[in-house]
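Q: File follows, final25.pdb with PDB, C-alpha atoms (C1' of nucleotides):
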```pdb
MODEL        1
ATOM      1  CA  MET A   1      18.245   4.708 -90.485
ATOM      2  CA  PRO A   2      15.604   5.478 -88.022
ATOM      3  CA  GLU A   3      15.945   6.413 -84.404
ATOM      4  CA  LEU A   4      13.251   7.965 -82.229
ATOM      5  CA  PRO A   5      12.620  11.156 -84.274
ATOM      6  CA  GLU A   6      12.425   9.284 -87.565
ATOM      7  CA  VAL A   7      10.025   6.742 -86.093
ATOM      8  CA  GLU A   8       7.933   9.546 -84.624
ATOM      9  CA  ILE A   9       7.692  11.172 -88.072
ATOM     10  CA  ALA A  10       6.841   7.815 -89.651
ATOM     11  CA  GLY A  11       3.996   7.442 -87.159
ATOM     12  CA  ARG A  12       2.687  10.949 -87.788
ATOM     13  CA  ASN A  13       2.782  10.311 -91.528
ATOM     14  CA  LEU A  14       0.793   7.091 -91.139
ATOM     15  CA  VAL A  15      -1.825   8.845 -89.056
ATOM     16  CA  ARG A  16      -2.083  11.640 -91.612
ATOM     17  CA  TRP A  17      -2.277   9.318 -94.594
ATOM     18  CA  LEU A  18      -4.889   7.102 -92.972
ATOM     19  CA  HIS A  19      -6.991   9.886 -91.513
ATOM     20  CA  GLY A  20     -10.536   9.637 -92.836
ATOM     21  CA  ARG A  21      -9.590   6.703 -95.031
ATOM     22  CA  ARG A  22      -9.934   2.957 -94.829
ATOM     23  CA  VAL A  23      -7.578   0.143 -95.701
ATOM     24  CA  VAL A  24      -9.465  -1.995 -98.201
ATOM     25  CA  LYS A  25      -6.727  -4.566 -98.660
ATOM     26  CA  ALA A  26      -3.450  -5.423 -96.933
ATOM     27  CA  GLU A  27      -0.830  -7.691 -98.404
ATOM     28  CA  ALA A  28       2.684  -8.740 -97.496
ATOM     29  CA  GLU A  29       5.624 -10.465 -99.112
ATOM     30  CA  ASP A  30       6.957 -13.612 -97.548
ATOM     31  CA  THR A  31      10.059 -12.150 -95.901
ATOM     32  CA  ARG A  32      11.823 -12.462 -92.584
ATOM     33  CA  VAL A  33      10.398  -9.049 -91.705
ATOM     34  CA  PHE A  34       7.340 -10.950 -90.514
ATOM     35  CA  ARG A  35       9.354 -13.185 -88.216
ATOM     36  CA  GLY A  36       7.303 -16.222 -88.927
ATOM     37  CA  ALA A  37       4.008 -14.453 -88.319
ATOM     38  CA  LYS A  38       1.312 -15.626 -90.658
ATOM     39  CA  ARG A  39       0.938 -13.427 -93.681
ATOM     40  CA  ALA A  40      -2.772 -14.105 -93.461
ATOM     41  CA  LYS A  41      -2.808 -12.159 -90.206
ATOM     42  CA  PHE A  42      -1.311  -9.191 -91.985
ATOM     43  CA  SER A  43      -4.040  -9.428 -94.607
ATOM     44  CA  ALA A  44      -6.578  -8.979 -91.826
ATOM     45  CA  LEU A  45      -5.294  -5.463 -91.099
ATOM     46  CA  THR A  46      -8.084  -3.639 -92.883
ATOM     47  CA  GLY A  47     -10.544  -0.901 -92.059
ATOM     48  CA  ARG A  48      -9.834   2.251 -90.103
ATOM     49  CA  LEU A  49      -6.723   2.970 -88.081
ATOM     50  CA  GLU A  50      -8.073   3.449 -84.574
ATOM     51  CA  SER A  51      -4.889   4.421 -82.804
ATOM     52  CA  LEU A  52      -1.162   4.659 -83.215
ATOM     53  CA  GLU A  53       1.356   4.815 -80.438
ATOM     54  CA  ARG A  54       5.134   5.050 -80.499
ATOM     55  CA  ARG A  55       7.302   3.514 -77.787
ATOM     56  CA  GLY A  56      11.011   4.036 -78.410
ATOM     57  CA  LYS A  57      11.614   2.890 -81.958
ATOM     58  CA  TYR A  58       8.469   0.752 -82.099
ATOM     59  CA  LEU A  59       5.103   1.715 -83.577
ATOM     60  CA  LEU A  60       1.962   0.108 -82.165
ATOM     61  CA  LEU A  61      -0.956   0.304 -84.569
ATOM     62  CA  THR A  62      -4.527  -0.635 -83.779
ATOM     63  CA  PHE A  63      -7.021  -1.170 -86.568
ATOM     64  CA  GLU A  64     -10.748  -1.510 -86.164
ATOM     65  CA  GLY A  65     -11.882  -4.915 -85.047
ATOM     66  CA  GLY A  66      -9.110  -5.157 -82.458
ATOM     67  CA  ARG A  67      -6.397  -6.091 -84.897
ATOM     68  CA  GLY A  68      -2.951  -4.768 -84.100
ATOM     69  CA  LEU A  69       0.439  -4.399 -85.698
ATOM     70  CA  LEU A  70       3.836  -3.990 -84.081
ATOM     71  CA  ALA A  71       6.208  -2.287 -86.500
ATOM     72  CA  HIS A  72       9.922  -1.600 -86.276
ATOM     73  CA  LEU A  73      11.810   0.096 -89.085
ATOM     74  CA  GLY A  74      15.138  -1.585 -88.394
ATOM     75  CA  MET A  75      17.929   0.144 -90.247
ATOM     76  CA  THR A  76      16.404   0.784 -93.647
ATOM     77  CA  GLY A  77      12.646   0.495 -93.175
ATOM     78  CA  LYS A  78      10.272   3.278 -94.135
ATOM     79  CA  PHE A  79       6.646   3.908 -94.981
ATOM     80  CA  VAL A  80       5.835   5.794 -98.166
ATOM     81  CA  HIS A  81       2.512   6.933 -99.637
ATOM     82  CA  ARG A  82       2.062   6.445-103.369
ATOM     83  CA  PRO A  83      -0.611   6.593-106.046
ATOM     84  CA  GLY A  84      -2.042   3.199-106.955
ATOM     85  CA  GLY A  85      -0.399   1.091-109.628
ATOM     86  CA  VAL A  86       3.119   2.366-108.961
ATOM     87  CA  ALA A  87       5.745  -0.283-108.340
ATOM     88  CA  GLU A  88       7.988   0.472-105.353
ATOM     89  CA  LEU A  89      11.467  -0.936-104.934
ATOM     90  CA  HIS A  90      11.866  -3.171-101.843
ATOM     91  CA  SER A  91       8.202  -2.934-100.970
ATOM     92  CA  ARG A  92       7.623  -5.701 -98.406
ATOM     93  CA  ALA A  93       4.043  -4.942 -97.419
ATOM     94  CA  ARG A  94       1.259  -2.734 -98.696
ATOM     95  CA  PHE A  95      -1.917  -1.109 -97.467
ATOM     96  CA  PHE A  96      -4.387  -0.303-100.243
ATOM     97  CA  LEU A  97      -6.627   2.621 -99.290
ATOM     98  CA  ASP A  98     -10.180   3.382-100.337
ATOM     99  CA  ASP A  99      -9.055   6.457-102.286
ATOM    100  CA  GLY A 100      -6.885   4.345-104.582
ATOM    101  CA  THR A 101      -3.562   5.255-102.971
ATOM    102  CA  VAL A 102      -1.131   2.791-101.425
ATOM    103  CA  ILE A 103       1.076   2.860 -98.339
ATOM    104  CA  HIS A 104       4.191   0.743 -98.832
ATOM    105  CA  PHE A 105       6.453  -0.592 -96.140
ATOM    106  CA  LYS A 106       9.876  -0.594 -97.785
ATOM    107  CA  ASP A 107      12.938  -2.252 -96.347
ATOM    108  CA  ALA A 108      16.045  -2.998 -98.383
ATOM    109  CA  ARG A 109      17.968  -4.842 -95.689
ATOM    110  CA  LEU A 110      15.063  -6.662 -94.076
ATOM    111  CA  PHE A 111      16.120  -5.708 -90.553
ATOM    112  CA  GLY A 112      12.689  -4.264 -89.938
ATOM    113  CA  ARG A 113       9.925  -6.088 -88.164
ATOM    114  CA  MET A 114       6.195  -6.285 -88.792
ATOM    115  CA  GLU A 115       4.247  -8.388 -86.362
ATOM    116  CA  PRO A 116       0.478  -8.646 -86.663
ATOM    117  CA  VAL A 117      -0.986  -9.410 -83.256
ATOM    118  CA  ALA A 118      -4.249  -8.811 -81.430
ATOM    119  CA  ALA A 119      -4.360  -5.137 -80.424
ATOM    120  CA  ALA A 120      -5.007  -6.087 -76.812
ATOM    121  CA  ARG A 121      -1.698  -7.943 -76.747
ATOM    122  CA  LEU A 122       0.468  -5.206 -78.304
ATOM    123  CA  ARG A 123       1.627  -3.730 -75.024
ATOM    124  CA  GLN A 124       2.231  -7.154 -73.547
ATOM    125  CA  LEU A 125       4.744  -8.158 -76.200
ATOM    126  CA  LYS A 126       8.166  -8.847 -74.757
ATOM    127  CA  ALA A 127       9.863  -6.358 -77.072
ATOM    128  CA  VAL A 128       7.562  -3.598 -75.830
ATOM    129  CA  GLN A 129       7.630  -4.601 -72.171
ATOM    130  CA  ALA A 130      11.419  -4.524 -72.188
ATOM    131  CA  LEU A 131      11.588  -0.874 -73.255
ATOM    132  CA  GLY A 132      12.810   1.761 -70.858
ATOM    133  CA  ARG A 133      11.578   5.300 -70.495
ATOM    134  CA  ASP A 134      10.700   7.105 -73.730
ATOM    135  CA  PRO A 135      12.038  10.684 -73.467
ATOM    136  CA  LEU A 136       9.236  12.233 -75.523
ATOM    137  CA  VAL A 137       6.351  10.193 -74.121
ATOM    138  CA  ASP A 138       7.449   9.939 -70.488
ATOM    139  CA  GLY A 139       9.731  12.942 -70.155
ATOM    140  CA  LEU A 140      13.328  12.773 -68.991
ATOM    141  CA  THR A 141      14.504  14.660 -65.946
ATOM    142  CA  PRO A 142      18.163  14.525 -64.860
ATOM    143  CA  GLU A 143      17.113  12.315 -61.926
ATOM    144  CA  GLN A 144      15.228   9.920 -64.184
ATOM    145  CA  LEU A 145      18.189   9.660 -66.510
ATOM    146  CA  ARG A 146      20.532   8.971 -63.634
ATOM    147  CA  GLU A 147      18.129   6.379 -62.302
ATOM    148  CA  ALA A 148      18.071   4.666 -65.699
ATOM    149  CA  LEU A 149      21.826   4.682 -66.337
ATOM    150  CA  GLY A 150      23.545   5.310 -63.053
ATOM    151  CA  ARG A 151      23.997   1.745 -61.850
ATOM    152  CA  THR A 152      25.615   0.201 -64.901
ATOM    153  CA  ARG A 153      29.347  -0.127 -65.434
ATOM    154  CA  GLN A 154      28.953   0.145 -69.180
ATOM    155  CA  ASP A 155      30.386   3.129 -70.992
ATOM    156  CA  LEU A 156      28.022   6.080 -70.995
ATOM    157  CA  LYS A 157      27.268   5.878 -74.709
ATOM    158  CA  VAL A 158      26.683   2.128 -74.668
ATOM    159  CA  ALA A 159      24.274   2.548 -71.754
ATOM    160  CA  LEU A 160      22.468   5.377 -73.535
ATOM    161  CA  MET A 161      21.816   3.119 -76.509
ATOM    162  CA  ASP A 162      20.424   0.319 -74.354
ATOM    163  CA  GLN A 163      16.716   0.391 -75.230
ATOM    164  CA  GLY A 164      15.847  -1.111 -71.865
ATOM    165  CA  ARG A 165      17.237   1.962 -70.093
ATOM    166  CA  VAL A 166      16.174   4.812 -72.346
ATOM    167  CA  ALA A 167      14.097   3.927 -75.392
ATOM    168  CA  GLY A 168      14.748   5.534 -78.742
ATOM    169  CA  VAL A 169      18.380   6.653 -78.583
ATOM    170  CA  GLY A 170      20.476   5.044 -81.321
ATOM    171  CA  ASN A 171      24.047   5.453 -82.446
ATOM    172  CA  ILE A 172      23.610   8.812 -84.156
ATOM    173  CA  TYR A 173      21.666  10.654 -81.473
ATOM    174  CA  ALA A 174      23.773   9.151 -78.700
ATOM    175  CA  ALA A 175      26.829  10.718 -80.319
ATOM    176  CA  GLU A 176      25.035  13.995 -80.931
ATOM    177  CA  ALA A 177      23.612  14.266 -77.420
ATOM    178  CA  LEU A 178      26.955  13.500 -75.788
ATOM    179  CA  PHE A 179      28.595  16.154 -77.938
ATOM    180  CA  LEU A 180      25.943  18.702 -76.997
ATOM    181  CA  ALA A 181      26.398  17.841 -73.342
ATOM    182  CA  GLY A 182      30.189  18.002 -73.599
ATOM    183  CA  LEU A 183      30.599  14.471 -72.230
ATOM    184  CA  HIS A 184      33.125  11.873 -73.372
ATOM    185  CA  PRO A 185      31.358   8.710 -74.636
ATOM    186  CA  ALA A 186      33.594   6.440 -72.560
ATOM    187  CA  ARG A 187      32.772   8.135 -69.265
ATOM    188  CA  LYS A 188      31.280   5.791 -66.685
ATOM    189  CA  PRO A 189      27.757   6.764 -65.629
ATOM    190  CA  ALA A 190      28.714   6.481 -61.965
ATOM    191  CA  SER A 191      31.224   9.310 -62.430
ATOM    192  CA  LEU A 192      28.719  11.888 -63.637
ATOM    193  CA  LYS A 193      27.981  14.897 -61.470
ATOM    194  CA  PRO A 194      24.481  16.313 -61.050
ATOM    195  CA  GLU A 195      25.129  19.138 -63.513
ATOM    196  CA  GLU A 196      26.362  16.603 -66.053
ATOM    197  CA  TRP A 197      23.184  14.534 -65.743
ATOM    198  CA  ALA A 198      21.281  17.772 -66.242
ATOM    199  CA  ARG A 199      23.257  18.673 -69.361
ATOM    200  CA  LEU A 200      22.816  15.184 -70.792
ATOM    201  CA  SER A 201      19.080  14.853 -70.239
ATOM    202  CA  GLN A 202      18.565  18.311 -71.750
ATOM    203  CA  ALA A 203      20.864  17.430 -74.669
ATOM    204  CA  ILE A 204      18.844  14.295 -75.443
ATOM    205  CA  LEU A 205      15.581  16.244 -75.445
ATOM    206  CA  ASP A 206      17.083  19.077 -77.514
ATOM    207  CA  THR A 207      18.624  16.688 -80.030
ATOM    208  CA  PHE A 208      15.300  14.943 -80.552
ATOM    209  CA  ALA A 209      13.393  18.214 -80.733
ATOM    210  CA  SER A 210      15.626  19.720 -83.383
ATOM    211  CA  ALA A 211      15.649  16.488 -85.394
ATOM    212  CA  LEU A 212      11.846  16.444 -85.310
ATOM    213  CA  ALA A 213      11.656  20.074 -86.377
ATOM    214  CA  ALA A 214      14.003  19.403 -89.289
ATOM    215  CA  GLU A 215      12.254  16.273 -90.483
ATOM    216  CA  GLN A 216       8.748  17.517 -91.086
ATOM    217  CA  GLY A 217       8.961  16.398 -94.677
ATOM    218  CA  GLU A 218       6.622  14.233 -96.669
ATOM    219  CA  GLU A 219       9.251  11.556 -96.905
ATOM    220  CA  PRO A 220      12.184  10.563 -94.726
ATOM    221  CA  VAL A 221      15.730  10.625 -96.064
ATOM    222  CA  TYR A 222      18.278   8.652 -94.102
ATOM    223  CA  LEU A 223      21.967   9.351 -93.998
ATOM    224  CA  GLU A 224      23.881   7.242 -96.520
ATOM    225  CA  GLU A 225      21.034   7.311 -98.954
ATOM    226  CA  SER A 226      22.008   8.986-102.169
ATOM    227  CA  GLY A 227      21.337  12.693-102.046
ATOM    228  CA  SER A 228      21.482  12.849 -98.279
ATOM    229  CA  GLU A 229      23.751  15.292 -96.534
ATOM    230  CA  ASN A 230      25.409  14.956 -93.155
ATOM    231  CA  THR A 231      23.853  17.657 -91.002
ATOM    232  CA  PHE A 232      25.048  16.183 -87.711
ATOM    233  CA  ARG A 233      27.496  17.881 -85.392
ATOM    234  CA  VAL A 234      29.917  14.986 -84.867
ATOM    235  CA  TYR A 235      28.313  11.849 -86.222
ATOM    236  CA  GLY A 236      30.132  10.646 -89.346
ATOM    237  CA  ARG A 237      32.713  13.424 -89.171
ATOM    238  CA  ALA A 238      35.872  11.548 -88.205
ATOM    239  CA  ASP A 239      39.028  13.494 -89.110
ATOM    240  CA  SER A 240      37.043  16.624 -89.911
ATOM    241  CA  PRO A 241      37.303  19.778 -87.822
ATOM    242  CA  CYS A 242      34.845  19.997 -84.940
ATOM    243  CA  THR A 243      31.964  22.302 -85.894
ATOM    244  CA  GLN A 244      32.339  24.026 -82.540
ATOM    245  CA  CYS A 245      36.057  24.308 -81.799
ATOM    246  CA  GLY A 246      37.917  23.167 -84.897
ATOM    247  CA  ALA A 247      39.732  20.272 -83.208
ATOM    248  CA  ARG A 248      39.900  17.041 -85.172
ATOM    249  CA  VAL A 249      36.853  14.803 -84.594
ATOM    250  CA  GLN A 250      37.854  11.282 -83.583
ATOM    251  CA  SER A 251      36.181   7.904 -83.822
ATOM    252  CA  PHE A 252      36.527   4.538 -82.130
ATOM    253  CA  THR A 253      34.503   1.374 -81.703
ATOM    254  CA  GLN A 254      32.313   1.042 -78.655
ATOM    255  CA  GLY A 255      29.903  -1.794 -78.048
ATOM    256  CA  GLY A 256      30.427  -2.903 -81.624
ATOM    257  CA  ARG A 257      29.432   0.418 -83.138
ATOM    258  CA  THR A 258      31.389   3.446 -84.272
ATOM    259  CA  THR A 259      31.461   6.374 -81.874
ATOM    260  CA  TYR A 260      32.356   9.913 -82.937
ATOM    261  CA  PHE A 261      33.404  12.638 -80.540
ATOM    262  CA  CYS A 262      35.447  15.812 -80.244
ATOM    263  CA  PRO A 263      38.361  15.321 -77.833
ATOM    264  CA  LYS A 264      38.382  18.988 -76.922
ATOM    265  CA  CYS A 265      34.652  19.595 -76.428
ATOM    266  CA  GLN A 266      34.175  16.189 -74.768
ATOM    267  CA  PRO A 267      37.160  15.664 -72.452
ATOM    268  CA  LYS A 268      37.559  12.348 -70.706
ATOM    269  CA  ARG A 269      37.857  13.967 -67.312
ATOM    270  CA  SER A 270      34.977  15.767 -65.729
ATOM    271  CA  ARG A 271      35.431  19.498 -65.657
ATOM    272  CA  GLY A 272      33.383  22.625 -65.281
ATOM    273  CA  ARG A 273      32.059  24.077 -68.458
ATOM    274  CA  LYS A 274      32.879  27.580 -69.517
ATOM    275  CA  ARG A 275      29.877  29.786 -69.928
TER     276      ARG A 275
ATOM    277  C1'  DT B   1      30.206  -7.893 -72.051
ATOM    278  C1'  DG B   2      31.478  -9.117 -76.509
ATOM    279  C1'  DA B   3      31.140 -11.589 -80.751
ATOM    280  C1'  DC B   4      28.430 -12.867 -84.237
ATOM    281  C1'  DC B   5      24.249 -13.070 -86.910
ATOM    282  C1'  DC B   6      20.624 -11.403 -89.921
ATOM    283  C1'  DC B   7      20.614  -8.593 -95.166
ATOM    284  C1'  DT B   8      21.492  -5.352 -99.208
ATOM    285  C1'  DG B   9      23.545  -1.358-101.076
ATOM    286  C1'  DG B  10      26.671   2.507-101.396
ATOM    287  C1'  DC B  11      31.173   4.137-101.308
ATOM    288  C1'  DC B  12      36.222   4.003-101.591
TER     289       DC B  12
ATOM    290  C1'  DG C   1      36.586  -6.335-104.353
ATOM    291  C1'  DG C   2      36.315  -5.110 -99.724
ATOM    292  C1'  DC C   3      34.525  -2.415 -96.159
ATOM    293  C1'  DC C   4      31.054  -0.138 -93.831
ATOM    294  C1'  DA C   5      26.300   0.876 -92.235
ATOM    295  C1'  DG C   6      22.198   4.362 -87.729
ATOM    296  C1'  DG C   7      18.467  -1.887 -85.990
ATOM    297  C1'  DG C   8      17.945  -5.888 -82.564
ATOM    298  C1'  DG C   9      18.486 -10.822 -81.178
ATOM    299  C1'  DT C  10      21.079 -14.696 -79.485
ATOM    300  C1'  DC C  11      24.855 -17.114 -77.862
ATOM    301  C1'  DA C  12      28.986 -18.156 -74.964
TER     302       DA C  12
ENDMDL
END
```
The structure given in the file should be rewritten as structure tokens.

A:
Amino acid sequence: MPELPEVEIAGRNLVRWLHGRRVVKAEAEDTRVFRGAKRAKFSALTGRLESLERRGKYLLLTFEGGRGLLAHLGMTGKFVHRPGGVAELHSRARFFLDDGTVIHFKDARLFGRMEPVAAARLRQLKAVQALGRDPLVDGLTPEQLREALGRTRQDLKVALMDQGRVAGVGNIYAAEALFLAGLHPARKPASLKPEEWARLSQAILDTFASALAAEQGEEPVYLEESGSENTFRVYGRADSPCTQCGARVQSFTQGGRTTYFCPKCQPKRSRGRKR
DNA sequence: TGACCCCTGGCC
DNA sequence: GGCCAGGGGTCA
């Protein structure tokens, strides 16, 4: 399931696959992925891809002729590039290219979103306007992170996952970044010291950077898909020994989602960190 | 802020 | 057979 790094890779793949090629036909299934948007509008997404931008977990695509597409992968969405004439399980929309290949948008659970809209309106869409700072696009200094999270009374991890504060951090990378920073997920943002903001902003950037470096594959594999392996430091490791200190990793529910953390590496009380 | 909803599939 | 899942949206 895609968070910022996976969406970034999806965008890079699309750009690569469409480079120097044209979409000769676009077609979509009648699914809730299109949120009531007219399928005919999707069919109009032909020609060259003029630009592609990622904001948080959203992709903003502009095709020639001023036609745009807002895409969100949801929990199980992905783009794949296939030879023509190959059926693809859960394919919800397809771009047929002038070299005979096909780009499928697959989505088993239909939590994804594909919204054809005039390119000029892409950035004005409410979903895009509501996004907070994107760490990779806009940068993320300790001060900017504190500015984005510091005034809420939500738990630190819940605030981190709020797309209106920082865009692109989901459940997995929130857990990973907090572990890297040595911060308990239930800390209150107001209690963080300057050095803790610094550790956290750096941890977010590092977590994304290493995920991006590891995911330079042709095709994304999400955790929980068959054949996938848990390479995360704490995420999904409840009751297993911490990869850093050996203490038992714990989990609890926070904001409706499961949080994983190491009680020893991420103490509830603020404390200096050994170096 | 929290509860529930949308869906299907994989795992125990 | 039941539980769980990394997304967001909406409602009270």

Q: Pull out every residue of chain A that has at least one atom within 7 Å of chain B, counting all atoms listed in the file, and report them as a list in words.

A: Ala108, Arg109 and Leu110 of chain A

Q: List the residues selected by the PyMOL selection byres ((chain A and resi 51-67) around 7) in the file shown, writing them as a PDB file with C-alpha atoms, in the coordinates of the input.

A:
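What follows is the written file result_17.pdb:
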```
ATOM      1  CA  GLU A   3      15.945   6.413 -84.404  1.00  0.00           C
ATOM      2  CA  LEU A   4      13.251   7.965 -82.229  1.00  0.00           C
ATOM      3  CA  VAL A   7      10.025   6.742 -86.093  1.00  0.00           C
ATOM      4  CA  GLU A   8       7.933   9.546 -84.624  1.00  0.00           C
ATOM      5  CA  GLY A  11       3.996   7.442 -87.159  1.00  0.00           C
ATOM      6  CA  LEU A  45      -5.294  -5.463 -91.099  1.00  0.00           C
ATOM      7  CA  THR A  46      -8.084  -3.639 -92.883  1.00  0.00           C
ATOM      8  CA  GLY A  47     -10.544  -0.901 -92.059  1.00  0.00           C
ATOM      9  CA  ARG A  48      -9.834   2.251 -90.103  1.00  0.00           C
ATOM     10  CA  LEU A  49      -6.723   2.970 -88.081  1.00  0.00           C
ATOM     11  CA  GLU A  50      -8.073   3.449 -84.574  1.00  0.00           C
ATOM     12  CA  GLY A  68      -2.951  -4.768 -84.100  1.00  0.00           C
ATOM     13  CA  LEU A  69       0.439  -4.399 -85.698  1.00  0.00           C
ATOM     14  CA  LEU A  70       3.836  -3.990 -84.081  1.00  0.00           C
ATOM     15  CA  ALA A  71       6.208  -2.287 -86.500  1.00  0.00           C
ATOM     16  CA  HIS A  72       9.922  -1.600 -86.276  1.00  0.00           C
ATOM     17  CA  VAL A 117      -0.986  -9.410 -83.256  1.00  0.00           C
ATOM     18  CA  ALA A 118      -4.249  -8.811 -81.430  1.00  0.00           C
ATOM     19  CA  ALA A 119      -4.360  -5.137 -80.424  1.00  0.00           C
ATOM     20  CA  LEU A 122       0.468  -5.206 -78.304  1.00  0.00           C
ATOM     21  CA  ASP A 134      10.700   7.105 -73.730  1.00  0.00           C
ATOM     22  CA  ALA A 167      14.097   3.927 -75.392  1.00  0.00           C
ATOM     23  CA  GLY A 168      14.748   5.534 -78.742  1.00  0.00           C
TER      24      GLY A 168
END
```

Q: Using the chain letters and numbers from this file, what does the PyMOL selection byres ((chain C) within 12 of (chain A)) select? Give the answer as a ChimeraX atom specification.

A: /C:4-9

Q: Mind pulling up the distance from CA of Gln154 (chain A) to CA of Cys242 (chain A)?

A: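 Going from CA of Cys242 (chain A) over to CA of Gln154 (chain A), I get 26.0 Å.
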
Q: Just how far from CA of Thr152 (chain A) is CA of Lys193 (chain A), in Å to one decimal?

A: 15.3 Å

Q: Contacts of region 81-91 of chain A at 9 Å or less, counting only C-alpha atoms (C1' of nucleotides), minus same-chain residues fewer than 6 places along, as a PyMOL selection string?

A: chain A and resi 13-14+17+28-29+97+100-109+218-219

Q: Please compute the CA of Ala174 (chain A)-CA of Val158 (chain A) distance, one decimal, in Å.

A: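 So the two atoms, CA of Ala174 (chain A) and CA of Val158 (chain A), lie 8.6 Å apart.
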
Q: Any chance you could work out the axis-aligned box around chain C, listed atoms only, 6 Å on each side, giving centre and edge lengths in Å to one decimal, as AutoDock Vina command-line options?

A:
```
--center_x 27.3 --center_y -6.9 --center_z -89.7 --size_x 30.6 --size_y 34.5 --size_z 41.4
```

Q: Give me the residues near Glu143 (chain A) as a PyMOL selection string, where near means some atom within 12 Å (using only C-alpha atoms (C1' of nucleotides)) and where sequence neighbours in that chain fewer than 5 positions away do not count.

A: chain A and resi 148-150+192-202

Q: Restricting the output to C-alpha atoms, write the selected residues as a short mmCIF file (atom, residue, chain, number, x, y, z; two decimals), in the coordinates of the input.

A:
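Generated file (selection_15.cif):
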```cif
data_model
loop_
_atom_site.label_atom_id
_atom_site.label_comp_id
_atom_site.auth_asym_id
_atom_site.auth_seq_id
_atom_site.Cartn_x
_atom_site.Cartn_y
_atom_site.Cartn_z
CA ALA A 148 18.07 4.67 -65.70
CA LEU A 149 21.83 4.68 -66.34
CA GLY A 150 23.54 5.31 -63.05
CA LEU A 192 28.72 11.89 -63.64
CA LYS A 193 27.98 14.90 -61.47
CA PRO A 194 24.48 16.31 -61.05
CA GLU A 195 25.13 19.14 -63.51
CA GLU A 196 26.36 16.60 -66.05
CA TRP A 197 23.18 14.53 -65.74
CA ALA A 198 21.28 17.77 -66.24
CA ARG A 199 23.26 18.67 -69.36
CA LEU A 200 22.82 15.18 -70.79
CA SER A 201 19.08 14.85 -70.24
CA GLN A 202 18.57 18.31 -71.75
#
```

Q: Restore all heavy atoms in region 233-237 of chain A and list the result as a PDB file, in the coordinates of the input.

A:
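Written file, out-v6.pdb:
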```pdb
ATOM      1  N   ARG A 233      26.386  17.104 -85.943  1.00  0.00           N
ATOM      2  CA  ARG A 233      27.496  17.881 -85.392  1.00  0.00           C
ATOM      3  C   ARG A 233      28.782  17.078 -85.329  1.00  0.00           C
ATOM      4  O   ARG A 233      29.849  17.579 -85.653  1.00  0.00           O
ATOM      5  CB  ARG A 233      27.137  18.389 -83.998  1.00  0.00           C
ATOM      6  CG  ARG A 233      26.010  19.405 -84.003  1.00  0.00           C
ATOM      7  CD  ARG A 233      25.653  19.794 -82.575  1.00  0.00           C
ATOM      8  NE  ARG A 233      24.662  20.843 -82.524  1.00  0.00           N
ATOM      9  CZ  ARG A 233      23.349  20.622 -82.518  1.00  0.00           C
ATOM     10  NH1 ARG A 233      22.900  19.383 -82.581  1.00  0.00           N
ATOM     11  NH2 ARG A 233      22.504  21.624 -82.466  1.00  0.00           N
ATOM     12  N   VAL A 234      28.710  15.820 -84.889  1.00  0.00           N
ATOM     13  CA  VAL A 234      29.917  14.986 -84.867  1.00  0.00           C
ATOM     14  C   VAL A 234      29.737  13.682 -85.616  1.00  0.00           C
ATOM     15  O   VAL A 234      30.711  13.132 -86.132  1.00  0.00           O
ATOM     16  CB  VAL A 234      30.387  14.615 -83.435  1.00  0.00           C
ATOM     17  CG1 VAL A 234      31.167  15.741 -82.816  1.00  0.00           C
ATOM     18  CG2 VAL A 234      29.235  14.159 -82.579  1.00  0.00           C
ATOM     19  N   TYR A 235      28.511  13.162 -85.634  1.00  0.00           N
ATOM     20  CA  TYR A 235      28.313  11.849 -86.222  1.00  0.00           C
ATOM     21  C   TYR A 235      28.823  11.815 -87.670  1.00  0.00           C
ATOM     22  O   TYR A 235      28.474  12.676 -88.486  1.00  0.00           O
ATOM     23  CB  TYR A 235      26.837  11.427 -86.196  1.00  0.00           C
ATOM     24  CG  TYR A 235      26.694  10.055 -86.789  1.00  0.00           C
ATOM     25  CD1 TYR A 235      26.932   8.935 -86.010  1.00  0.00           C
ATOM     26  CD2 TYR A 235      26.423   9.889 -88.134  1.00  0.00           C
ATOM     27  CE1 TYR A 235      26.885   7.666 -86.563  1.00  0.00           C
ATOM     28  CE2 TYR A 235      26.376   8.633 -88.694  1.00  0.00           C
ATOM     29  CZ  TYR A 235      26.616   7.528 -87.902  1.00  0.00           C
ATOM     30  OH  TYR A 235      26.590   6.292 -88.459  1.00  0.00           O
ATOM     31  N   GLY A 236      29.645  10.820 -87.983  1.00  0.00           N
ATOM     32  CA  GLY A 236      30.132  10.646 -89.346  1.00  0.00           C
ATOM     33  C   GLY A 236      31.180  11.646 -89.772  1.00  0.00           C
ATOM     34  O   GLY A 236      31.468  11.764 -90.962  1.00  0.00           O
ATOM     35  N   ARG A 237      31.760  12.374 -88.807  1.00  0.00           N
ATOM     36  CA  ARG A 237      32.713  13.424 -89.171  1.00  0.00           C
ATOM     37  C   ARG A 237      34.144  13.137 -88.730  1.00  0.00           C
ATOM     38  O   ARG A 237      34.915  14.065 -88.473  1.00  0.00           O
ATOM     39  CB  ARG A 237      32.273  14.757 -88.550  1.00  0.00           C
ATOM     40  CG  ARG A 237      30.947  15.268 -89.068  1.00  0.00           C
ATOM     41  CD  ARG A 237      30.704  16.706 -88.654  1.00  0.00           C
ATOM     42  NE  ARG A 237      29.421  17.186 -89.137  1.00  0.00           N
ATOM     43  CZ  ARG A 237      29.222  17.641 -90.374  1.00  0.00           C
ATOM     44  NH1 ARG A 237      30.220  17.674 -91.230  1.00  0.00           N
ATOM     45  NH2 ARG A 237      28.032  18.043 -90.763  1.00  0.00           N
TER      46      ARG A 237
END
```
